[in-house]
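So this block is run36.pdb, PDB, C-alpha atoms:
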```
ATOM      1  CA  LEU X 538     -14.732  36.555 -19.143
ATOM      2  CA  LYS X 539     -14.558  32.767 -18.884
ATOM      3  CA  LEU X 540     -10.799  32.469 -18.736
ATOM      4  CA  GLY X 541     -10.942  29.688 -16.142
ATOM      5  CA  THR X 542     -13.035  27.538 -18.472
ATOM      6  CA  TYR X 543     -10.237  27.427 -21.017
ATOM      7  CA  THR X 544      -7.094  27.645 -18.903
ATOM      8  CA  GLY X 545      -7.933  25.931 -15.630
ATOM      9  CA  PRO X 546      -8.126  26.869 -11.976
ATOM     10  CA  ALA X 547      -4.862  28.862 -11.938
ATOM     11  CA  ALA X 548      -6.589  31.708 -13.745
ATOM     12  CA  CYS X 549      -9.745  31.480 -11.652
ATOM     13  CA  LYS X 550      -8.480  33.282  -8.580
ATOM     14  CA  PRO X 551     -10.131  36.636  -8.968
ATOM     15  CA  VAL X 552      -8.052  39.666  -8.157
ATOM     16  CA  ASP X 553     -10.000  41.473  -5.479
ATOM     17  CA  ARG X 554     -11.046  45.064  -5.917
ATOM     18  CA  ALA X 555      -8.775  46.337  -3.154
ATOM     19  CA  ARG X 556      -5.685  44.777  -4.744
ATOM     20  CA  VAL X 557      -6.526  46.139  -8.190
ATOM     21  CA  HIS X 558      -7.136  49.593  -6.684
ATOM     22  CA  ASP X 559      -3.822  49.337  -4.842
ATOM     23  CA  ILE X 560      -2.010  48.444  -8.084
ATOM     24  CA  PHE X 561      -3.741  51.334  -9.873
ATOM     25  CA  LEU X 562      -2.590  53.732  -7.140
ATOM     26  CA  LYS X 563       0.953  52.404  -7.210
ATOM     27  CA  ARG X 564       1.125  52.665 -11.010
ATOM     28  CA  ASP X 565      -0.217  56.238 -11.012
ATOM     29  CA  ILE X 566       3.286  57.694 -11.255
ATOM     30  CA  ASP X 567       2.235  61.340 -11.508
ATOM     31  CA  ASN X 568      -0.370  60.998  -8.688
ATOM     32  CA  SER X 569      -3.063  62.477 -10.933
ATOM     33  CA  GLY X 570      -5.747  60.163  -9.595
ATOM     34  CA  SER X 571      -6.218  58.572 -13.003
ATOM     35  CA  LEU X 572      -4.089  56.449 -15.276
ATOM     36  CA  ASP X 573      -2.760  57.717 -18.548
ATOM     37  CA  LYS X 574      -2.205  55.334 -21.450
ATOM     38  CA  GLU X 575       1.325  54.347 -20.365
ATOM     39  CA  GLU X 576       0.308  53.787 -16.729
ATOM     40  CA  PHE X 577      -2.733  51.752 -17.779
ATOM     41  CA  ARG X 578      -0.496  49.610 -20.007
ATOM     42  CA  ASP X 579       1.743  48.948 -16.968
ATOM     43  CA  VAL X 580      -1.266  47.925 -14.840
ATOM     44  CA  MET X 581      -2.518  45.545 -17.519
ATOM     45  CA  ALA X 582       0.981  44.088 -17.926
ATOM     46  CA  VAL X 583       1.135  43.324 -14.210
ATOM     47  CA  LEU X 584      -2.361  41.838 -14.005
ATOM     48  CA  CYS X 585      -2.191  39.840 -17.253
ATOM     49  CA  GLY X 586       1.392  38.763 -16.575
ATOM     50  CA  ASN X 587       0.277  37.432 -13.216
ATOM     51  CA  ILE X 588      -2.523  35.350 -14.743
ATOM     52  CA  PHE X 589      -0.374  34.131 -17.643
ATOM     53  CA  THR X 590       2.431  33.071 -15.316
ATOM     54  CA  ARG X 591       0.013  31.322 -12.947
ATOM     55  CA  VAL X 592      -1.504  29.344 -15.834
ATOM     56  CA  LEU X 593       1.881  28.519 -17.353
ATOM     57  CA  VAL X 594       3.310  27.321 -14.030
ATOM     58  CA  GLN X 595       0.255  25.261 -13.149
ATOM     59  CA  TRP X 596       0.076  23.510 -16.506
ATOM     60  CA  SER X 597       3.808  22.875 -16.806
ATOM     61  CA  SER X 598       4.036  21.714 -13.194
ATOM     62  CA  THR X 599       1.026  19.443 -13.433
ATOM     63  CA  ILE X 600       1.915  17.904 -16.772
ATOM     64  CA  MET X 601       5.709  17.736 -16.677
ATOM     65  CA  ILE X 602       7.510  18.779 -13.505
ATOM     66  CA  VAL X 603       5.487  17.098 -10.736
ATOM     67  CA  PRO X 604       5.392  13.624 -12.386
ATOM     68  CA  LEU X 605       9.107  13.828 -13.197
ATOM     69  CA  VAL X 606      10.073  14.824  -9.656
ATOM     70  CA  ALA X 607       7.743  12.174  -8.225
ATOM     71  CA  GLN X 608       9.341   9.468 -10.390
ATOM     72  CA  LEU X 609      12.836  10.581  -9.368
ATOM     73  CA  LEU X 610      11.878  10.536  -5.678
ATOM     74  CA  VAL X 611      10.262   7.101  -5.981
ATOM     75  CA  ASP X 612      13.360   5.776  -7.743
ATOM     76  CA  GLN X 613      15.607   7.117  -4.979
ATOM     77  CA  LEU X 614      13.350   5.780  -2.220
ATOM     78  CA  THR X 615      13.202   2.391  -3.943
ATOM     79  CA  TRP X 616      16.980   2.300  -4.137
ATOM     80  CA  LEU X 617      17.230   3.160  -0.428
ATOM     81  CA  ALA X 618      14.623   0.529   0.487
ATOM     82  CA  CYS X 619      16.506  -2.145  -1.493
ATOM     83  CA  LEU X 620      19.737  -1.146   0.184
ATOM     84  CA  ALA X 621      18.097  -1.329   3.626
ATOM     85  CA  TRP X 622      16.481  -4.688   2.777
ATOM     86  CA  ASN X 623      19.817  -6.125   1.680
ATOM     87  CA  GLN X 624      21.421  -4.956   4.906
ATOM     88  CA  LEU X 625      18.558  -6.414   6.953
ATOM     89  CA  SER X 626      18.694  -9.685   5.019
ATOM     90  CA  GLN X 627      22.330 -10.046   5.944
ATOM     91  CA  LEU X 628      21.486  -9.568   9.622
ATOM     92  CA  ILE X 629      18.429 -11.845   9.777
ATOM     93  CA  ASP X 630      18.413 -15.396   8.469
ATOM     94  CA  PHE X 631      14.858 -15.651   7.128
ATOM     95  CA  GLU X 632      15.207 -19.342   6.317
ATOM     96  CA  LEU X 633      16.091 -20.036   9.936
ATOM     97  CA  LEU X 634      13.134 -17.926  11.051
ATOM     98  CA  GLU X 635      10.790 -19.886   8.774
ATOM     99  CA  GLU X 636      12.169 -23.192  10.073
ATOM    100  CA  THR X 637      11.611 -22.018  13.640
ATOM    101  CA  VAL X 638       7.990 -21.182  12.847
ATOM    102  CA  LEU X 639       7.477 -24.591  11.216
ATOM    103  CA  VAL X 640       9.098 -26.355  14.184
ATOM    104  CA  CYS X 641       6.834 -24.435  16.563
ATOM    105  CA  GLN X 642       3.766 -25.447  14.544
ATOM    106  CA  VAL X 643       4.824 -29.089  14.178
ATOM    107  CA  ASN X 644       5.820 -29.531  17.807
ATOM    108  CA  LYS X 645       2.693 -27.706  19.001
ATOM    109  CA  ILE X 646       4.763 -25.310  21.045
ATOM    110  CA  ASN X 647       1.781 -23.109  21.680
ATOM    111  CA  ARG X 648       2.517 -22.517  25.329
ATOM    112  CA  ASN X 649       5.638 -20.562  24.480
ATOM    113  CA  VAL X 650       4.817 -16.866  23.939
ATOM    114  CA  ILE X 651       7.555 -16.442  21.349
ATOM    115  CA  GLY X 652       6.345 -19.503  19.471
ATOM    116  CA  GLN X 653       2.769 -18.194  19.467
ATOM    117  CA  LEU X 654       3.934 -14.781  18.315
ATOM    118  CA  LEU X 655       5.985 -16.271  15.479
ATOM    119  CA  ILE X 656       3.077 -18.444  14.336
ATOM    120  CA  PHE X 657       0.690 -15.477  14.467
ATOM    121  CA  VAL X 658       3.057 -13.233  12.521
ATOM    122  CA  TRP X 659       3.579 -15.926   9.905
ATOM    123  CA  LYS X 660      -0.172 -16.483   9.472
ATOM    124  CA  VAL X 661      -0.804 -12.754   9.123
ATOM    125  CA  ARG X 662       2.052 -12.526   6.620
ATOM    126  CA  ASP X 663       0.519 -15.311   4.550
ATOM    127  CA  GLN X 664      -2.940 -13.707   4.625
ATOM    128  CA  VAL X 665      -1.609 -10.286   3.631
ATOM    129  CA  LYS X 666       0.524 -11.827   0.903
ATOM    130  CA  SER X 667      -2.455 -13.701  -0.574
ATOM    131  CA  VAL X 668      -4.539 -10.508  -0.671
ATOM    132  CA  LEU X 669      -1.717  -8.436  -2.146
ATOM    133  CA  ASP X 670      -1.069 -11.068  -4.815
ATOM    134  CA  LEU X 671      -4.525 -10.328  -6.229
ATOM    135  CA  ILE X 672      -3.412  -6.811  -7.224
ATOM    136  CA  PRO X 673      -1.691  -6.662 -10.650
ATOM    137  CA  ASP X 674       1.968  -5.646 -10.753
ATOM    138  CA  SER X 675       1.244  -2.702 -13.035
ATOM    139  CA  ILE X 676      -0.891  -1.169 -10.289
ATOM    140  CA  TRP X 677       1.848  -1.643  -7.701
ATOM    141  CA  GLU X 678       4.344   0.048  -9.988
ATOM    142  CA  SER X 679       2.167   3.119 -10.542
ATOM    143  CA  ILE X 680       0.813   3.639  -6.998
ATOM    144  CA  PRO X 681       3.876   5.324  -5.448
ATOM    145  CA  VAL X 682       4.334   7.781  -8.312
ATOM    146  CA  THR X 683       0.624   8.574  -8.367
ATOM    147  CA  ILE X 684       0.444   9.227  -4.628
ATOM    148  CA  LEU X 685       3.610  11.314  -4.616
ATOM    149  CA  SER X 686       2.428  13.285  -7.659
ATOM    150  CA  CYS X 687      -0.838  14.064  -5.884
ATOM    151  CA  VAL X 688       0.974  15.214  -2.749
ATOM    152  CA  LEU X 689       3.412  17.367  -4.705
ATOM    153  CA  GLY X 690       0.594  18.762  -6.836
ATOM    154  CA  CYS X 691      -1.419  19.681  -3.755
ATOM    155  CA  LEU X 692       1.480  21.231  -1.845
ATOM    156  CA  VAL X 693       4.110  22.516  -4.239
ATOM    157  CA  VAL X 694       2.017  23.937  -7.089
ATOM    158  CA  PRO X 695      -0.161  26.163  -4.851
ATOM    159  CA  TYR X 696       2.969  27.332  -3.017
ATOM    160  CA  ILE X 697       4.581  28.335  -6.314
ATOM    161  CA  ILE X 698       1.409  30.097  -7.444
ATOM    162  CA  PHE X 699       1.303  32.082  -4.172
ATOM    163  CA  LYS X 700       4.940  33.045  -4.734
ATOM    164  CA  ILE X 701       4.038  34.220  -8.250
ATOM    165  CA  ASP X 702       1.313  36.427  -6.773
ATOM    166  CA  ASP X 703       3.828  37.819  -4.263
ATOM    167  CA  PHE X 704       6.322  38.504  -7.058
ATOM    168  CA  PHE X 705       3.818  40.422  -9.144
ATOM    169  CA  GLN X 706       2.645  42.339  -6.085
ATOM    170  CA  SER X 707       6.228  43.310  -5.262
ATOM    171  CA  PHE X 708       6.753  44.161  -8.937
ATOM    172  CA  ALA X 709       3.741  46.473  -8.806
ATOM    173  CA  ASP X 710       5.037  47.994  -5.567
ATOM    174  CA  GLY X 711       8.621  48.369  -6.729
ATOM    175  CA  LYS X 712       8.162  50.011 -10.124
ATOM    176  CA  LYS X 713       6.487  53.112  -8.739
ATOM    177  CA  HIS X 714       9.232  53.475  -6.145
ATOM    178  CA  ASP X 715      11.923  53.063  -8.813
ATOM    179  CA  GLU X 716      10.289  55.576 -11.156
ATOM    180  CA  ARG X 717       9.824  58.155  -8.362
ATOM    181  CA  THR X 718      13.455  57.727  -7.359
ATOM    182  CA  ASN X 719      14.539  58.238 -10.987
ATOM    183  CA  ASP X 720      12.263  61.307 -11.286
ATOM    184  CA  ARG X 721      13.818  62.844  -8.145
ATOM    185  CA  LYS X 722      17.334  62.191  -9.446
ATOM    186  CA  SER X 723      16.529  63.800 -12.796
ATOM    187  CA  LYS X 724      14.994  66.875 -11.055
ATOM    188  CA  ASN X 725      18.062  67.274  -8.869
ATOM    189  CA  ASP X 726      20.396  67.174 -11.905
TER
END
```
For this file, produce the structure as structure tokens.
Amino acid sequence: LKLGTYTGPAACKPVDRARVHDIFLKRDIDNSGSLDKEEFRDVMAVLCGNIFTRVLVQWSSTIMIVPLVAQLLVDQLTWLACLAWNQLSQLIDFELLEETVLVCQVNKINRNVIGQLLIFVWKVRDQVKSVLDLIPDSIWESIPVTILSCVLGCLVVPYIIFKIDDFFQSFADGKKHDERTNDRKSKND
């Protein structure tokens, strides 16, 4: 069975023998040691439902949900950064700061530590700006969404897939308990 070749890594996690045996035991309602047709159908529904759900969640998350959430988060963070920048701009007069740096350079105020620090910071700023200007704007616009999509894809999607496995395990555990409880109630009536 080459299911992973066609559906991706979500279907590739093999169900180990112990887990399958455990599901078989839990689905053996009459404790006969073997599965009748109805019990076998229940086991296959649990195992195939698990794989189908894993594949569906991985594909839908990877293609639609993760990029959408990443874009929404980037938009919100951008809005917050612009708000913070506007607040900072109101507090700091950048034109005055630039004039101070120019005055320090022109007057050769190199002995003053603050003057040297301002000149150094301004030179580094200019160097970084010249390097960053070489990168096209389209790249800058896509980098945050791409990075955030990768992080979400690496953290959120596996977490959801593990939760799917837990759900199907609890489903396999719970059905036998429910059916035994119903059998006891019907015997007592």
Could you tell me which residues the PyMOL selection byres ((chain X and resi 576) around 12) returns for this structure, as a PyMOL selection string? chain X and resi 560-575+577-583+709+712-713+716
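Relative to CA of Leu689 in chain X, CA of Arg556 in chain X is found at 28.9 Å.
Taking CA of Gln613 in chain X and CA of Val688 in chain X as endpoints, the distance between them is 16.9 Å.
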Hey, can you check how far CA of Glu678 in chain X sits from CA of Trp616 in chain X? 14.1 Å
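Applied to this file, the PyMOL selection byres ((chain X and resi 691-696) around 9) selects Ala547, Val594, Gln595, Ser598, Thr599, Val603, Ser686, Cys687, Val688, Leu689, Gly690, Ile697, Ile698, Phe699, Lys700 and Ile701 of chain X.
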Produce the centre coordinates and the three edge lengths, each in Å to one decimal, of the box along x, y and z that contains all listed atoms of range 568-584 of chain X with 8 Å added on each side, as JSON.
```
{"center_x": -2.2, "center_y": 52.2, "center_z": -15.1, "size_x": 24.0, "size_y": 36.6, "size_z": 28.8}
```
Residues matched by the PyMOL selection byres ((chain X and resi 590) around 10) as a ChimeraX atom specification: /X:547-548,585-589,591-596,698,701-702,705
